[in-house]
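Chemist: Pasting in a structure now, in structure tokens, and then I'll have a few things to ask.
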Amino acid sequence: MGSYGKLATRVLDTDVPVMVEMPELTKGATDPIPLGKGAVYWQPPEQALEKVKQIAWEPSTSNYGTHEGLPELKDALTKKQLCQENKLCNSSVMVTAGSNQGFLNLVLTLCDVTDSVVLFAPYFFNAHMSFRMTGITNILVGPSNPKTLQPDADWLERILSETKPTPKLVSIVNPGNPSGNCIPEPLLKRISDICKKAGSWLVVDNAYEYFIYGSSKHSCVEGNHVINLFSFSKAYGMMGWRVGYIAYPLEAEDLRIQLLKVQDNVAICAPMISQHVALYCLDAGHEWVKNKVKTLAKNKELIMKALSPLGEDAVIGGEGAIYLWVKLPERYLNDYEVVSWLARKYGVVVLPGSACGVNGCIRITYGAVIEEKCDIAAKRLRNGLEELVTYGMVE
């Protein structure tokens with residue numbers, strides 16, 4: 001350690017984000033195509049971008065906004081989205097600089113460093129990092145159904161009743177990241193009931209609520225122990241604008257006050273210009289989003305075909321979000337090596353599953369590239385997997 005002194009143990013003990021590792025991991029790749037980044041290929045609606053040009057010159061855009069969010073945006077979210085669409089009519093809204101910041105706000109507000117918390121593997125790596133970075137080391141990682149990747153509710157019921165003190169918070173993502181699985185409403189309600197009975201908070205990340213395929217359906221659950229997270233990033237192509245929001249129990253006034261403390265110290269408010277873009281995106285309507293999501297069907301089909309060399313049981317999930325969870329052949333537990341090899345030799349970048357708590361797997365994203373680019377990536381991926389299965393990682 002240099003003369004500048006020691007660094008915080010809680011940060012040193014947190015894994016380097018896999019997205020930060022990717023440039024080094026994929027060094028030497030020629031014309032790499034991103035199938036690992038959780039993003040979509042589109043931008044916000046044109047009418048939203050046109051309107052925001054005028055807002056940029058408003059003095060209020062360059063000033064601090066209210067901690068809870070632009071009043072017009074909060075009102076639109078509370079009335080239009082939460083109550084009418086998500087059936088969350090007893091929830092209040094706090095706008096954050098992306099749902100990742102929203103999750104961090106919740107961890108700082110709800111959890112002490114001595115608390116235990118629950119995730120299900122494969123988990124969203126940023127959630128795991130938020131716990132570790134805030135000093136929480138007792139992270140209980142629960143199993144998922146190996147065939148569906150649905151959270152194991154029986155395990156959850158047992159662990160919440162047997163662990164003393166009771167775990168403070170249970171975190172799930174619906175539809176799943178990295179799995180792409182969509183949690184059926186009966187299972188979601190059962191998980192909620194288990195948390196309520198145990199006295200644990202349930203935090204549900206709904207970032208991919210509009211990314212549903214086939215007969216699957218996204219649903220929300222509400223209660224005085226439930227907090228929902230939402231995001232504009234993927235639905236409206238606003239990844240870089242950084243707008244998300246927390247939907248928390250309407251009656252929880254003390255929770256609101258504590259969230260405001262955290263908000264004031266973490267971000268003060270989400271960027272004002274970004275909040276205006278979000279408001280204008282709502283004007284474009286959810287049909288705009290759903291039409292964009294429909295364009296991903298071909299991408300998903302192309303990638304599914306590319307994965308066929310691994311066998312029909314290798315791909316799990318995928319009924320929602322923009323992800324496919326893929327099991328590699330058993331001899332490839334070191335998925336980081338496979339990811340690096342695919343990037344160097346075949347110019348296709350995927351995410352190692354071990355970053356999400358499960359070795360020997362990869363997460364593939366099919367939302368970040370247009371169909372023509374996805375077609376090229378799929379051919380590269382298939383060629384790579386055929387070689388992997390037949391000959392191994394030949395350099």
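Identifiers for the structure tokens are assigned positionally: chains receive A, B, ... in sequence, residues are indexed from 1 per chain, and ligands are indexed from 1 in the order shown.
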Neighbouring residues of stretch 3-15 of chain A were defined as those with any atom within 12 Å, considering only C-alpha atoms; residues of the same chain fewer than 6 positions away were excluded. Please report them as a ChimeraX atom specification.
Modeler: /A:21,113,125-137,354-357
Chemist: Write a file of the selected residues as a compact mmCIF listing (two decimals), in the first residue's frame, keeping all heavy atoms.
Modeler:
# COMPACT_ATOMS: atom_id res chain seq x y z
N GLU A 21 -14.39 -5.11 -15.49
CA GLU A 21 -13.40 -6.12 -15.88
C GLU A 21 -13.43 -6.45 -17.37
O GLU A 21 -12.43 -6.92 -17.92
CB GLU A 21 -13.64 -7.41 -15.11
CG GLU A 21 -13.33 -7.35 -13.63
CD GLU A 21 -13.56 -8.69 -12.96
OE1 GLU A 21 -14.64 -9.27 -13.16
OE2 GLU A 21 -12.65 -9.15 -12.25
N VAL A 113 -25.08 -2.91 9.10
CA VAL A 113 -24.00 -3.80 8.66
C VAL A 113 -24.08 -5.17 9.34
O VAL A 113 -23.53 -6.15 8.83
CB VAL A 113 -22.61 -3.18 8.91
CG1 VAL A 113 -22.44 -1.94 8.06
CG2 VAL A 113 -22.41 -2.85 10.38
N PHE A 125 -25.51 -8.87 -10.18
CA PHE A 125 -24.24 -8.60 -9.50
C PHE A 125 -24.20 -7.24 -8.81
O PHE A 125 -23.56 -7.08 -7.77
CB PHE A 125 -23.06 -8.73 -10.48
CG PHE A 125 -23.23 -8.01 -11.78
CD1 PHE A 125 -22.91 -6.67 -11.91
CD2 PHE A 125 -23.72 -8.67 -12.90
CE1 PHE A 125 -23.07 -6.00 -13.11
CE2 PHE A 125 -23.87 -8.01 -14.11
CZ PHE A 125 -23.55 -6.67 -14.22
N ASN A 126 -24.89 -6.23 -9.35
CA ASN A 126 -24.88 -4.92 -8.70
C ASN A 126 -25.59 -4.93 -7.35
O ASN A 126 -25.22 -4.19 -6.44
CB ASN A 126 -25.49 -3.86 -9.59
CG ASN A 126 -24.55 -3.35 -10.67
OD1 ASN A 126 -24.94 -3.13 -11.80
ND2 ASN A 126 -23.28 -3.18 -10.34
N ALA A 127 -26.61 -5.77 -7.20
CA ALA A 127 -27.29 -5.89 -5.91
C ALA A 127 -26.32 -6.48 -4.87
O ALA A 127 -26.21 -5.99 -3.74
CB ALA A 127 -28.53 -6.77 -6.04
N HIS A 128 -25.63 -7.53 -5.27
CA HIS A 128 -24.65 -8.15 -4.38
C HIS A 128 -23.57 -7.14 -3.98
O HIS A 128 -23.17 -7.04 -2.81
CB HIS A 128 -24.01 -9.35 -5.08
CG HIS A 128 -23.16 -10.20 -4.20
ND1 HIS A 128 -21.83 -9.93 -3.95
CD2 HIS A 128 -23.45 -11.33 -3.48
CE1 HIS A 128 -21.34 -10.86 -3.14
NE2 HIS A 128 -22.30 -11.71 -2.84
N MET A 129 -23.12 -6.34 -4.95
CA MET A 129 -22.10 -5.33 -4.68
C MET A 129 -22.59 -4.26 -3.73
O MET A 129 -21.83 -3.78 -2.87
CB MET A 129 -21.64 -4.69 -5.99
CG MET A 129 -20.77 -5.57 -6.86
SD MET A 129 -20.31 -4.70 -8.35
CE MET A 129 -19.43 -3.30 -7.65
N SER A 130 -23.85 -3.85 -3.86
CA SER A 130 -24.40 -2.82 -2.97
C SER A 130 -24.37 -3.28 -1.52
O SER A 130 -24.08 -2.49 -0.61
CB SER A 130 -25.83 -2.47 -3.38
OG SER A 130 -25.85 -1.74 -4.59
N PHE A 131 -24.67 -4.55 -1.30
CA PHE A 131 -24.60 -5.07 0.06
C PHE A 131 -23.16 -5.06 0.58
O PHE A 131 -22.88 -4.55 1.66
CB PHE A 131 -25.15 -6.50 0.11
CG PHE A 131 -26.63 -6.61 -0.12
CD1 PHE A 131 -27.15 -7.55 -0.98
CD2 PHE A 131 -27.51 -5.76 0.53
CE1 PHE A 131 -28.51 -7.66 -1.19
CE2 PHE A 131 -28.88 -5.85 0.34
CZ PHE A 131 -29.39 -6.81 -0.53
N ARG A 132 -22.24 -5.60 -0.21
CA ARG A 132 -20.86 -5.69 0.24
C ARG A 132 -20.24 -4.31 0.44
O ARG A 132 -19.50 -4.07 1.40
CB ARG A 132 -20.02 -6.48 -0.78
CG ARG A 132 -20.35 -7.95 -0.89
CD ARG A 132 -20.26 -8.67 0.44
NE ARG A 132 -18.92 -8.61 1.02
CZ ARG A 132 -18.01 -9.58 0.94
NH1 ARG A 132 -18.32 -10.70 0.28
NH2 ARG A 132 -16.84 -9.47 1.50
N MET A 133 -20.55 -3.39 -0.45
CA MET A 133 -19.94 -2.07 -0.39
C MET A 133 -20.43 -1.26 0.81
O MET A 133 -19.75 -0.33 1.26
CB MET A 133 -20.24 -1.32 -1.69
CG MET A 133 -19.30 -0.18 -2.00
SD MET A 133 -19.62 0.51 -3.62
CE MET A 133 -19.14 -0.85 -4.67
N THR A 134 -21.61 -1.59 1.32
CA THR A 134 -22.12 -0.90 2.50
C THR A 134 -21.78 -1.65 3.79
O THR A 134 -22.30 -1.32 4.85
CB THR A 134 -23.65 -0.71 2.39
OG1 THR A 134 -24.28 -1.97 2.11
CG2 THR A 134 -23.99 0.28 1.29
N GLY A 135 -20.93 -2.66 3.68
CA GLY A 135 -20.44 -3.35 4.86
C GLY A 135 -21.23 -4.57 5.28
O GLY A 135 -20.94 -5.18 6.31
N ILE A 136 -22.23 -4.96 4.51
CA ILE A 136 -23.04 -6.14 4.84
C ILE A 136 -22.33 -7.38 4.30
O ILE A 136 -22.15 -7.52 3.09
CB ILE A 136 -24.45 -6.04 4.24
CG1 ILE A 136 -25.17 -4.82 4.84
CG2 ILE A 136 -25.26 -7.31 4.50
CD1 ILE A 136 -26.48 -4.49 4.15
N THR A 137 -21.93 -8.26 5.18
CA THR A 137 -21.19 -9.46 4.77
C THR A 137 -22.02 -10.74 4.88
O THR A 137 -21.65 -11.76 4.29
CB THR A 137 -19.92 -9.62 5.61
OG1 THR A 137 -20.27 -9.69 7.00
CG2 THR A 137 -18.99 -8.43 5.41
N SER A 354 -20.22 -16.65 -13.41
CA SER A 354 -19.69 -16.61 -12.04
C SER A 354 -19.78 -15.22 -11.43
O SER A 354 -19.78 -15.07 -10.22
CB SER A 354 -18.24 -17.11 -12.02
OG SER A 354 -17.45 -16.46 -12.97
N ALA A 355 -19.89 -14.18 -12.28
CA ALA A 355 -20.10 -12.82 -11.76
C ALA A 355 -21.47 -12.70 -11.11
O ALA A 355 -21.72 -11.78 -10.33
CB ALA A 355 -19.97 -11.80 -12.89
N CYS A 356 -22.35 -13.65 -11.42
CA CYS A 356 -23.71 -13.66 -10.87
C CYS A 356 -23.89 -14.80 -9.86
O CYS A 356 -25.02 -15.16 -9.53
CB CYS A 356 -24.74 -13.79 -11.99
SG CYS A 356 -24.59 -12.54 -13.28
N GLY A 357 -22.76 -15.35 -9.40
CA GLY A 357 -22.83 -16.34 -8.34
C GLY A 357 -22.90 -17.77 -8.76
O GLY A 357 -23.00 -18.67 -7.91
Chemist: Any idea what's packed within 9 Å of stretch 62-70 of chain A, counting only C-alpha atoms, ignoring anything in its chain fewer than 5 positions away? Could you give it as a PyMOL selection string?
Modeler: chain A and resi 56-57+75+93-96+245+260+263-264+267-273+275-276+279
Chemist: For the residues in that selection, give me N, CA, C and O atoms as an mmCIF file, in the first residue's frame.
Modeler:
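Output (result_31.cif):
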data_model
loop_
_atom_site.group_PDB
_atom_site.id
_atom_site.type_symbol
_atom_site.label_atom_id
_atom_site.label_comp_id
_atom_site.auth_asym_id
_atom_site.auth_seq_id
_atom_site.Cartn_x
_atom_site.Cartn_y
_atom_site.Cartn_z
ATOM 1 N N ALA A 56 -33.603 22.606 -21.914
ATOM 2 C CA ALA A 56 -32.186 22.824 -21.594
ATOM 3 C C ALA A 56 -31.901 24.287 -21.262
ATOM 4 O O ALA A 56 -30.968 24.589 -20.501
ATOM 5 N N TRP A 57 -32.693 25.213 -21.821
ATOM 6 C CA TRP A 57 -32.459 26.642 -21.598
ATOM 7 C C TRP A 57 -33.214 27.191 -20.393
ATOM 8 O O TRP A 57 -32.991 28.336 -19.990
ATOM 9 N N ASP A 75 -46.209 12.841 -10.302
ATOM 10 C CA ASP A 75 -47.667 12.744 -10.456
ATOM 11 C C ASP A 75 -48.017 11.765 -11.572
ATOM 12 O O ASP A 75 -48.913 10.928 -11.418
ATOM 13 N N VAL A 93 -43.815 7.669 -4.577
ATOM 14 C CA VAL A 93 -42.710 7.596 -5.526
ATOM 15 C C VAL A 93 -41.558 8.505 -5.104
ATOM 16 O O VAL A 93 -41.777 9.637 -4.677
ATOM 17 N N MET A 94 -40.343 7.991 -5.247
ATOM 18 C CA MET A 94 -39.133 8.813 -5.164
ATOM 19 C C MET A 94 -38.326 8.536 -6.422
ATOM 20 O O MET A 94 -37.968 7.390 -6.704
ATOM 21 N N VAL A 95 -38.041 9.593 -7.190
ATOM 22 C CA VAL A 95 -37.266 9.461 -8.424
ATOM 23 C C VAL A 95 -35.780 9.450 -8.070
ATOM 24 O O VAL A 95 -35.314 10.242 -7.244
ATOM 25 N N THR A 96 -35.033 8.540 -8.686
ATOM 26 C CA THR A 96 -33.609 8.391 -8.392
ATOM 27 C C THR A 96 -32.800 8.429 -9.690
ATOM 28 O O THR A 96 -33.352 8.346 -10.783
ATOM 29 N N TYR A 245 -36.960 4.912 -10.303
ATOM 30 C CA TYR A 245 -37.756 5.382 -9.162
ATOM 31 C C TYR A 245 -38.104 4.247 -8.214
ATOM 32 O O TYR A 245 -38.149 3.072 -8.591
ATOM 33 N N LEU A 260 -35.236 10.287 2.367
ATOM 34 C CA LEU A 260 -34.853 11.652 2.006
ATOM 35 C C LEU A 260 -33.465 11.999 2.541
ATOM 36 O O LEU A 260 -32.701 12.722 1.882
ATOM 37 N N GLN A 263 -31.121 10.274 0.121
ATOM 38 C CA GLN A 263 -31.173 10.932 -1.191
ATOM 39 C C GLN A 263 -30.374 12.234 -1.179
ATOM 40 O O GLN A 263 -29.654 12.547 -2.135
ATOM 41 N N ASP A 264 -30.489 12.987 -0.104
ATOM 42 C CA ASP A 264 -29.791 14.275 -0.024
ATOM 43 C C ASP A 264 -28.278 14.108 -0.052
ATOM 44 O O ASP A 264 -27.557 14.974 -0.544
ATOM 45 N N ALA A 267 -27.426 11.770 -4.051
ATOM 46 C CA ALA A 267 -27.612 12.416 -5.354
ATOM 47 C C ALA A 267 -28.288 13.781 -5.279
ATOM 48 O O ALA A 267 -28.266 14.527 -6.248
ATOM 49 N N ILE A 268 -28.909 14.105 -4.146
ATOM 50 C CA ILE A 268 -29.788 15.261 -3.968
ATOM 51 C C ILE A 268 -31.047 15.070 -4.809
ATOM 52 O O ILE A 268 -32.154 15.028 -4.305
ATOM 53 N N CYS A 269 -30.854 14.938 -6.124
ATOM 54 C CA CYS A 269 -31.989 14.657 -7.011
ATOM 55 C C CYS A 269 -31.451 14.030 -8.281
ATOM 56 O O CYS A 269 -30.267 14.162 -8.601
ATOM 57 N N ALA A 270 -32.306 13.339 -8.986
ATOM 58 C CA ALA A 270 -31.928 12.847 -10.312
ATOM 59 C C ALA A 270 -31.726 14.048 -11.230
ATOM 60 O O ALA A 270 -32.330 15.110 -11.011
ATOM 61 N N PRO A 271 -30.870 13.958 -12.258
ATOM 62 C CA PRO A 271 -30.636 15.096 -13.153
ATOM 63 C C PRO A 271 -31.943 15.669 -13.685
ATOM 64 O O PRO A 271 -32.806 14.934 -14.167
ATOM 65 N N MET A 272 -32.101 16.974 -13.576
ATOM 66 C CA MET A 272 -33.362 17.606 -13.945
ATOM 67 C C MET A 272 -33.708 17.409 -15.423
ATOM 68 O O MET A 272 -34.852 17.137 -15.779
ATOM 69 N N ILE A 273 -32.721 17.565 -16.281
ATOM 70 C CA ILE A 273 -33.003 17.418 -17.709
ATOM 71 C C ILE A 273 -33.430 15.984 -18.015
ATOM 72 O O ILE A 273 -34.310 15.745 -18.858
ATOM 73 N N GLN A 275 -35.027 13.987 -15.961
ATOM 74 C CA GLN A 275 -36.400 13.785 -15.479
ATOM 75 C C GLN A 275 -37.420 14.328 -16.478
ATOM 76 O O GLN A 275 -38.494 13.748 -16.660
ATOM 77 N N HIS A 276 -37.082 15.446 -17.128
ATOM 78 C CA HIS A 276 -37.990 15.967 -18.163
ATOM 79 C C HIS A 276 -38.084 15.005 -19.342
ATOM 80 O O HIS A 276 -39.176 14.785 -19.888
ATOM 81 N N LEU A 279 -40.396 12.276 -18.385
ATOM 82 C CA LEU A 279 -41.798 12.713 -18.438
ATOM 83 C C LEU A 279 -42.308 12.705 -19.880
ATOM 84 O O LEU A 279 -43.416 12.226 -20.156
#
Chemist: Could you find all residues in stretch 238-317 of chain A that DSSP calls helix (DSSP H, G or I) from the backbone, and write them as an MDAnalysis selection string?
Modeler: chainID A and resid 253:266 272:284 286:294 296:306 308:310
Chemist: Could you check the closest approach to A:Val289 for each of A:Met238, A:Val18, A:Ile362, A:Ile370 and tell me which residue wins, using only C-alpha atoms?
Modeler: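 For A:Val289, the nearest of the candidates is A:Met238.
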Chemist: Find the distance between atom CA of A:Gly142 and atom CA of A:Ser192 and write it in Å to one decimal.
Modeler: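 Straight-line distance from atom CA of A:Gly142 to atom CA of A:Ser192 works out to 15.6 Å.
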Chemist: Pick out the closest residue to A:Asp313 from this set: A:Pro184, A:Pro146, A:Val350, A:Ser92. Count only C-alpha atoms.
Modeler: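 Selected residue with least distance to A:Asp313: A:Pro146.
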Chemist: Can you pull out every residue within 10 Å of A:Leu187, counting only C-alpha atoms, but drop anything in the same chain fewer than 6 positions away, and send it as number ranges by chain?
Modeler: A: 150-153, 193
Chemist: Please produce an output containing C-alpha atoms for each residue in the selection, written as a compact mmCIF listing (two decimals), in the first residue's frame.
Modeler:
# COMPACT_ATOMS: atom_id res chain seq x y z
CA GLN A 150 -37.51 -19.44 -10.22
CA PRO A 151 -36.64 -18.53 -6.59
CA ASP A 152 -37.01 -21.47 -4.20
CA ALA A 153 -39.84 -20.30 -1.94
CA ASP A 193 -46.46 -13.52 2.18
Chemist: For each of A:Gly384, A:Gly360, A:Gly318, A:Gly285, take the minimum atom-to-atom distance to A:Pro44, counting only C-alpha atoms, then give the residue where this is smallest.
Modeler: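 Selected residue with least distance to A:Pro44: A:Gly285.
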Chemist: Could you pull the residues within 12 Å of A:Thr163, counting only C-alpha atoms, minus those fewer than 5 positions along the same chain, as an MDAnalysis selection string?
Modeler: chainID A and resid 115:118 138 140 155:158 168 198 200
Chemist: Just the selected residues (N, CA, C and O atoms), exported as a compact mmCIF listing (two decimals), in the first residue's frame, please.
Modeler:
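Heads up, here's the output in part11.txt:
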# COMPACT_ATOMS: atom_id res chain seq x y z
N ASP A 115 -26.86 -6.81 9.79
CA ASP A 115 -28.02 -7.55 9.29
C ASP A 115 -27.61 -8.60 8.26
O ASP A 115 -26.57 -8.49 7.60
N SER A 116 -28.47 -9.60 8.12
CA SER A 116 -28.33 -10.54 7.01
C SER A 116 -29.37 -10.21 5.96
O SER A 116 -30.44 -9.64 6.25
N VAL A 117 -29.05 -10.52 4.71
CA VAL A 117 -29.94 -10.23 3.58
C VAL A 117 -29.97 -11.46 2.67
O VAL A 117 -29.11 -12.34 2.76
N VAL A 118 -30.96 -11.49 1.78
CA VAL A 118 -31.16 -12.67 0.94
C VAL A 118 -31.18 -12.30 -0.54
O VAL A 118 -31.86 -11.35 -0.96
N ASN A 138 -23.10 -10.67 5.65
CA ASN A 138 -23.92 -11.87 5.83
C ASN A 138 -24.99 -11.91 4.73
O ASN A 138 -26.15 -11.56 4.95
N LEU A 140 -27.08 -14.18 2.39
CA LEU A 140 -27.56 -15.54 2.22
C LEU A 140 -28.02 -15.72 0.78
O LEU A 140 -28.96 -15.06 0.34
N TRP A 155 -37.22 -22.89 0.39
CA TRP A 155 -35.96 -22.54 1.05
C TRP A 155 -36.10 -21.21 1.77
O TRP A 155 -35.64 -21.06 2.90
N LEU A 156 -36.73 -20.23 1.11
CA LEU A 156 -36.89 -18.90 1.69
C LEU A 156 -37.70 -18.98 2.99
O LEU A 156 -37.34 -18.36 4.00
N GLU A 157 -38.79 -19.72 2.95
CA GLU A 157 -39.63 -19.85 4.15
C GLU A 157 -38.84 -20.45 5.30
O GLU A 157 -38.94 -20.00 6.45
N ARG A 158 -38.03 -21.45 4.99
CA ARG A 158 -37.24 -22.11 6.02
C ARG A 158 -36.15 -21.18 6.56
O ARG A 158 -35.97 -21.06 7.77
N LYS A 168 -33.04 -9.14 7.21
CA LYS A 168 -33.72 -7.86 7.12
C LYS A 168 -34.39 -7.66 5.76
O LYS A 168 -35.48 -7.08 5.68
N ALA A 198 -42.48 -13.18 8.24
CA ALA A 198 -41.19 -13.18 8.94
C ALA A 198 -40.79 -11.79 9.43
O ALA A 198 -39.91 -11.66 10.27
N SER A 200 -39.65 -9.39 7.21
CA SER A 200 -38.55 -8.97 6.33
C SER A 200 -39.07 -8.05 5.23
O SER A 200 -40.21 -8.20 4.77
Chemist: May I have the residues within 8 Å of A:Pro122 as a list in words, using only C-alpha atoms and disregarding those fewer than 6 positions away in the same chain?
Modeler: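 These residues fall inside the cut-off: Ser144, Leu149, Pro178, Ser179, Gly353, Cys356, Gly357 and Val358 of chain A.
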Chemist: Which residue is closest to A:Cys281? Choose from A:Val348, A:Val204, A:Ile316, A:Val52 and count only C-alpha atoms.
Modeler: A:Val52
Chemist: Per residue of stretch 311-360 of chain A within 9 Å of stretch 206-226 of chain A, what are the shortest atom pair and its distance in Å to one decimal, counting only C-alpha atoms, with rows by chain and residue number, as a tab-separated table?
Modeler:
residue	atom	partner	partner_atom	distance
A:Gly318	CA	A:Tyr213	CA	8.3
A:Glu319	CA	A:Tyr213	CA	5.4
A:Gly320	CA	A:Ile212	CA	4.4
A:Ala321	CA	A:Phe211	CA	4.8
A:Ile322	CA	A:Phe211	CA	7.0
Chemist: With a distance cut-off of 7 Å and only C-alpha atoms, select the neighbouring residues of stretch 337-342 of chain A, excluding the residue or stretch itself and same-chain residues fewer than 5 positions from it, and output the selection as a PyMOL selection string.
Modeler: chain A and resi 25-26+347-352+384+393
Chemist: With N, CA, C and O atoms retained, write the just-selected residues as a PDB file, in the first residue's frame.
Modeler:
ATOM      1  N   LEU A  25     -10.771  -8.313 -19.835  1.00  0.00           N
ATOM      2  CA  LEU A  25     -11.125  -9.699 -20.112  1.00  0.00           C
ATOM      3  C   LEU A  25     -11.199  -9.965 -21.613  1.00  0.00           C
ATOM      4  O   LEU A  25     -10.894 -11.065 -22.082  1.00  0.00           O
ATOM      5  N   THR A  26     -11.618  -8.957 -22.363  1.00  0.00           N
ATOM      6  CA  THR A  26     -11.808  -9.139 -23.808  1.00  0.00           C
ATOM      7  C   THR A  26     -10.718  -8.452 -24.627  1.00  0.00           C
ATOM      8  O   THR A  26     -10.905  -8.185 -25.815  1.00  0.00           O
ATOM      9  N   GLY A 347     -14.754 -12.680 -31.616  1.00  0.00           N
ATOM     10  CA  GLY A 347     -15.250 -11.311 -31.637  1.00  0.00           C
ATOM     11  C   GLY A 347     -16.668 -11.152 -31.128  1.00  0.00           C
ATOM     12  O   GLY A 347     -17.413 -10.295 -31.601  1.00  0.00           O
ATOM     13  N   VAL A 348     -17.041 -11.963 -30.138  1.00  0.00           N
ATOM     14  CA  VAL A 348     -18.365 -11.833 -29.531  1.00  0.00           C
ATOM     15  C   VAL A 348     -18.185 -11.803 -28.012  1.00  0.00           C
ATOM     16  O   VAL A 348     -17.467 -12.625 -27.442  1.00  0.00           O
ATOM     17  N   VAL A 349     -18.807 -10.814 -27.358  1.00  0.00           N
ATOM     18  CA  VAL A 349     -18.593 -10.590 -25.934  1.00  0.00           C
ATOM     19  C   VAL A 349     -19.845 -10.975 -25.150  1.00  0.00           C
ATOM     20  O   VAL A 349     -20.925 -10.411 -25.357  1.00  0.00           O
ATOM     21  N   VAL A 350     -19.695 -11.952 -24.249  1.00  0.00           N
ATOM     22  CA  VAL A 350     -20.781 -12.374 -23.362  1.00  0.00           C
ATOM     23  C   VAL A 350     -20.309 -12.184 -21.918  1.00  0.00           C
ATOM     24  O   VAL A 350     -19.164 -11.826 -21.667  1.00  0.00           O
ATOM     25  N   LEU A 351     -21.196 -12.432 -20.968  1.00  0.00           N
ATOM     26  CA  LEU A 351     -20.885 -12.180 -19.559  1.00  0.00           C
ATOM     27  C   LEU A 351     -20.655 -13.498 -18.821  1.00  0.00           C
ATOM     28  O   LEU A 351     -21.436 -14.440 -18.986  1.00  0.00           O
ATOM     29  N   PRO A 352     -19.606 -13.598 -18.007  1.00  0.00           N
ATOM     30  CA  PRO A 352     -19.380 -14.827 -17.235  1.00  0.00           C
ATOM     31  C   PRO A 352     -20.411 -15.003 -16.137  1.00  0.00           C
ATOM     32  O   PRO A 352     -20.686 -14.085 -15.367  1.00  0.00           O
ATOM     33  N   GLY A 384     -18.095 -20.417 -32.572  1.00  0.00           N
ATOM     34  CA  GLY A 384     -17.283 -20.566 -31.371  1.00  0.00           C
ATOM     35  C   GLY A 384     -17.738 -21.718 -30.502  1.00  0.00           C
ATOM     36  O   GLY A 384     -16.915 -22.498 -30.005  1.00  0.00           O
ATOM     37  N   MET A 393     -11.066 -25.086 -26.385  1.00  0.00           N
ATOM     38  CA  MET A 393     -10.668 -23.709 -26.679  1.00  0.00           C
ATOM     39  C   MET A 393      -9.321 -23.688 -27.409  1.00  0.00           C
ATOM     40  O   MET A 393      -8.257 -23.532 -26.818  1.00  0.00           O
TER      41      MET A 393
END
Chemist: Under the rule that only C-alpha atoms are counted, which of A:Ala343, A:Ala252, A:Val173, A:Val40 is the nearest residue to A:Gly28?
Modeler: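 Among A:Ala343, A:Ala252, A:Val173, A:Val40, it is A:Ala343 that comes nearest to A:Gly28.
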Chemist: How would you write, as a ChimeraX atom specification, the set of residues in stretch 240-374 of chain A that DSSP gives as strand (DSSP E or B)?
Modeler: /A:244-249,315-316,320,323-327,348-349,351-352,361-365
Chemist: Skip A:Asp205 itself and residues of its chain fewer than 3 positions away, then list as a ChimeraX atom specification all residues within 8 Å of it, counting only C-alpha atoms.
Modeler: /A:171-174,228-230
Chemist: Create the file for the chosen residues now, containing N, CA, C and O atoms and written as a CSV table (one decimal), in the first residue's frame.
Modeler:
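The resulting file, again37.csv, is reproduced below:
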chain,number,residue,atom,x,y,z
A,171,SER,N,-34.2,-9.7,-1.8
A,171,SER,CA,-34.2,-9.0,-3.0
A,171,SER,C,-34.4,-10.0,-4.2
A,171,SER,O,-33.8,-11.0,-4.3
A,172,ILE,N,-35.3,-9.6,-5.1
A,172,ILE,CA,-35.6,-10.4,-6.3
A,172,ILE,C,-35.7,-9.4,-7.5
A,172,ILE,O,-36.0,-8.3,-7.3
A,173,VAL,N,-35.5,-10.0,-8.7
A,173,VAL,CA,-35.6,-9.2,-9.9
A,173,VAL,C,-36.6,-9.9,-10.8
A,173,VAL,O,-36.6,-11.1,-11.0
A,174,ASN,N,-37.6,-9.2,-11.3
A,174,ASN,CA,-38.7,-9.8,-12.0
A,174,ASN,C,-39.2,-8.8,-13.2
A,174,ASN,O,-39.7,-7.7,-12.9
A,228,ASN,N,-41.0,-1.6,-4.4
A,228,ASN,CA,-40.7,-1.9,-5.8
A,228,ASN,C,-39.8,-0.9,-6.5
A,228,ASN,O,-39.8,0.3,-6.2
A,229,LEU,N,-38.9,-1.3,-7.3
A,229,LEU,CA,-38.0,-0.5,-8.1
A,229,LEU,C,-38.3,-0.5,-9.6
A,229,LEU,O,-38.7,-1.6,-10.1
A,230,PHE,N,-38.2,0.6,-10.2
A,230,PHE,CA,-38.5,0.7,-11.7
A,230,PHE,C,-37.4,1.5,-12.3
A,230,PHE,O,-36.7,2.3,-11.7
